[in-house]
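First up is the structure itself, then whatever we jot down about it.
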Amino acid sequence: MQTKILLDEEEMPKRWYNVAADLLTPLDPPLHPQTGKPLSPTDLEAIFPKELIRQEMSTERWINIPDEVREILKLWRPTPLFRAHRLEEHLKTPAKIYYKYEGVSPAGSHKPNTAVAQAYFNMKAGIERIATETGAGQWGSALSMATSFFGLACRVYMVRASFDQKPYRKSIMQVWGAECVASPSELTNAGRMILKEHPDTGGSLGIAISEAVEDAATHDNTNYALGSVLNHVLLHQTVEGQELKEQLAIVDDYPDVIYGCVGGGSNFPGMCFPFVPDKLKEKKEIRMVACEPAACPTLTKGIYTYDFGDTAKLTPLLKMYTLGHDFIPPSIHAGGLRYHGDAPLLCNLVHDGVIEAMSFHQNEVFQAAVTFARTEGILPAPESSHAIKPAIDDAIACKKTGEEKTIVISLSGHGHFDLSSYDAYFAGNLVDYEYPEELVKQSLAKIPKF
Ligand SMILES: *Cc1c(COP(=O)(O)O)cnc(C)c1O
């Protein structure tokens, strides 16, 4: 009975897979925030290095991973694929459940896969400092580690609510040499404006992005980095799905369904995009299911349209499912995944029916997480647990049909810094909340028409 399916270091992918080469509908271009015209590569040069802009706009199917990046990824990659024998036994299901575990990275999630690549290309371009935002803190810690590897300075604008709730994420960023400030802050115009109107706000990712982009745009030696949403980020995450395919081939298996959680949409696309050509060209019957919180239901309740990536409307407009750029997540929500939009590449494939989306309430998600921890041992991140919940439901449904379905979970990270959320769950303090459709409409009425 094989439990861990491992690859050798040398079997780590040498190329990133770019799904832009295989879409049914070409991607709608990002638009300039002031003119509404399609963005040119030079528009982005104030905040991104040329190589990342090239990747962002590329439709080449394969892009080589530089050796210097691969050498660092090897510190934790290839990541293990586990067969969840103990969870299967507990559920008494005929289904086969696998999970690919990205929590083995030093920062505890999939985010270093792109953080290392982004820090590398910035260093190569002669950049000395990077500004970024972070929600729950995983991206900020991943980038802090990556920038320390390449000798870059790093400032992280961390959403105030998480800054107060998760002090240890801040501590780990400091160990890796970064400066972490609560957002909104007094350090930027965007931050000062919000604080004037809402002095007690817990902040949001949209606000923190505005601050980091402003910081990068107003310092010559500084670039901006984003941990999700953008095409180049999803590209860097495709090492996951390529490894997954190899690992399943070792045990002569193939997924019937892949579940992954979606915040901005990077771990899940990283896991499933390499399977998209199988579905579209080889007509393989594989389901890919994006899992999101009912409190931030971007793909299931949002509208597919152009919207800003941030609250202050500094970023380009992206064609995506969105809840509106002034969305502020309900503070009762413990489960992470709180961005108002989602990656354009993922949204394109959801809109074209290649990828499905489902949403879940936080109490049922934590219940699934606890079942997982008590059978498999790993304490999953609350975000990742959104993918565990439907996988368990699916496996239970297989008991009726007797189907020996192959279910794969993208286990994007561990929850060691999220124990206060687990405490809140056990204390019965988590409130299930469904974001009202009416608020989505109100917010979207404010999007500019060009
Ligand atoms: C950041 C994060 C997510 C959500 O981000 P995506 O870009 O949607 O992957 C999910 N899980 C973990 C562990 C994270 O750190």
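All residue names refer to the structure tokens as shown: chains lettered A, B, ... in order, residues numbered from 1 in each chain, ligands numbered from 1 in order.
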Residues of chain A at most 6 Å from ligand 1: nearest atom pair and distance in Å, only C-alpha atoms and all ligand atoms, as a Markdown table:
```
| residue | atom | partner | partner_atom_place_in_ligand_line | distance |
| --- | --- | --- | --- | --- |
| A:Ser109 | CA | ligand 1 | 13 (C) | 4.8 |
| A:Gln138 | CA | ligand 1 | 15 (O) | 4.7 |
| A:Ser228 | CA | ligand 1 | 7 (O) | 4.3 |
| A:Val262 | CA | ligand 1 | 8 (O) | 3.7 |
| A:Gly263 | CA | ligand 1 | 8 (O) | 3.4 |
| A:Gly264 | CA | ligand 1 | 8 (O) | 4.1 |
| A:Gly265 | CA | ligand 1 | 8 (O) | 3.4 |
| A:Ser266 | CA | ligand 1 | 7 (O) | 3.6 |
| A:Asn267 | CA | ligand 1 | 9 (O) | 3.7 |
| A:Phe268 | CA | ligand 1 | 9 (O) | 5.9 |
| A:Leu337 | CA | ligand 1 | 4 (C) | 5.5 |
| A:Ala381 | CA | ligand 1 | 13 (C) | 5.4 |
| A:Glu383 | CA | ligand 1 | 11 (N) | 4.7 |
| A:Ser384 | CA | ligand 1 | 11 (N) | 5.0 |
| A:Ser412 | CA | ligand 1 | 13 (C) | 4.4 |
| A:Gly413 | CA | ligand 1 | 13 (C) | 3.7 |
```
Give me a file of those residues, with C-alpha atoms, as a PDB file, in the first residue's frame.
```pdb
ATOM      1  CA  SER A 109       2.244  27.099   1.209  1.00  0.00           C
ATOM      2  CA  GLN A 138       1.393  33.645   3.450  1.00  0.00           C
ATOM      3  CA  SER A 228      -1.858  35.548  -7.276  1.00  0.00           C
ATOM      4  CA  VAL A 262      -9.509  29.813  -4.918  1.00  0.00           C
ATOM      5  CA  GLY A 263      -8.540  33.108  -3.312  1.00  0.00           C
ATOM      6  CA  GLY A 264      -7.112  34.959  -6.295  1.00  0.00           C
ATOM      7  CA  GLY A 265      -6.692  31.698  -8.195  1.00  0.00           C
ATOM      8  CA  SER A 266      -3.121  30.445  -8.277  1.00  0.00           C
ATOM      9  CA  ASN A 267      -2.700  27.127  -6.411  1.00  0.00           C
ATOM     10  CA  PHE A 268      -5.734  25.585  -8.084  1.00  0.00           C
ATOM     11  CA  LEU A 337      -9.652  33.674   0.422  1.00  0.00           C
ATOM     12  CA  ALA A 381      -4.819  25.770   6.100  1.00  0.00           C
ATOM     13  CA  GLU A 383      -8.076  28.073   2.660  1.00  0.00           C
ATOM     14  CA  SER A 384      -7.068  24.585   1.527  1.00  0.00           C
ATOM     15  CA  SER A 412      -2.142  24.381  -0.775  1.00  0.00           C
ATOM     16  CA  GLY A 413      -0.691  24.799   2.712  1.00  0.00           C
TER      17      GLY A 413
END
```
Which of region 255-369 of chain A DSSP labels helix (DSSP H, G or I), written as a ChimeraX atom specification: /A:267-280,298-301,344-351,362-369
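Among the candidates A:Lys319, A:His414, A:Lys196, A:Lys441, the residue lying nearest to Pro26 (chain A) is A:Lys319 (atoms considered: only C-alpha atoms).
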Selection: 10 Å around region 50-54 of chain A, only C-alpha atoms, excl. self and same-chain fewer than 4 positions, as a count of residues only: 18
Using DSSP assignments from the backbone, pull out every residue in region 203-422 of chain A that falls under strand (DSSP E or B) and give it to me as a ChimeraX atom specification. /A:222-224,257-261,287-293,303-308,317-322,341,356-360,380,406-411,413-414
Taking only C-alpha atoms into account, name the residue in A:Phe275, A:Phe372, A:Tyr254, A:Phe163 that is nearest to Leu91 (chain A). A:Phe372
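Comparing A:Asn363, A:Gln55, A:Thr305, A:Thr315 by their smallest distance to Ile447 (chain A), the closest is A:Thr305 (using only C-alpha atoms).
CA of Glu356 (chain A) is positioned 29.6 Å from CA of Ser162 (chain A).
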Using only C-alpha atoms, the best pick from A:Pro330, A:Gly137, A:Gly202, A:Pro277 as closest to Lys170 (chain A) would be A:Gly137
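Computed from the coordinates, the CA of Gly108 (chain A) to CA of Phe417 (chain A) distance equals 9.4 Å.
Note that CA of Gln367 (chain A) and CA of Phe82 (chain A) are 20.8 Å apart.
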Counting only C-alpha atoms, closest pick from A:Leu31, A:Leu299, A:Val19, A:Cys347 relative to Gly270 (chain A) is A:Val19
Please provide as a compact mmCIF listing (two decimals) with C-alpha atoms, in the first residue's frame all residues within 9 Å of Leu7 (chain A), with the sequence filter that same-chain residues fewer than 3 positions apart are discarded (counting only C-alpha atoms).
```txt
# COMPACT_ATOMS: atom_id res chain seq x y z
CA GLU A 10 15.89 15.86 -11.15
CA GLU A 11 12.31 15.04 -12.15
CA MET A 12 11.18 18.51 -11.16
CA ARG A 77 10.22 20.34 -4.59
CA PRO A 78 9.02 18.05 -5.99
CA THR A 79 6.33 18.10 -3.31
CA PRO A 80 4.82 14.78 -2.18
CA GLU A 243 4.45 16.91 -11.00
CA GLU A 246 3.98 12.33 -13.26
CA GLN A 247 3.18 11.09 -9.76
```
Applying 7 Å and only C-alpha atoms, which residues near region 128-130 of chain A remain after dropping the ones on its own chain fewer than 4 positions away? List them as a ChimeraX atom specification. /A:123,152-155,221-225
Find the spatial neighbours of region 278-291 of chain A, counting only C-alpha atoms, within a cut-off of 8 Å - ignore same-chain residues fewer than 6 positions away - and output them as a PyMOL selection string. chain A and resi 255-262+268+272+354-360+386-387
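For the choices A:Ser210, A:Asn429, A:Gln165, A:Gln34, the atom-to-atom distance to Gln362 (chain A) is smallest for A:Asn429 when using only C-alpha atoms.
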Can you tell me which residues surround Lys301 (chain A) at a distance of at most 8 Å, considering only C-alpha atoms, apart from same-chain residues fewer than 4 positions away, and format the answer as number ranges by chain? A: 297, 323, 437
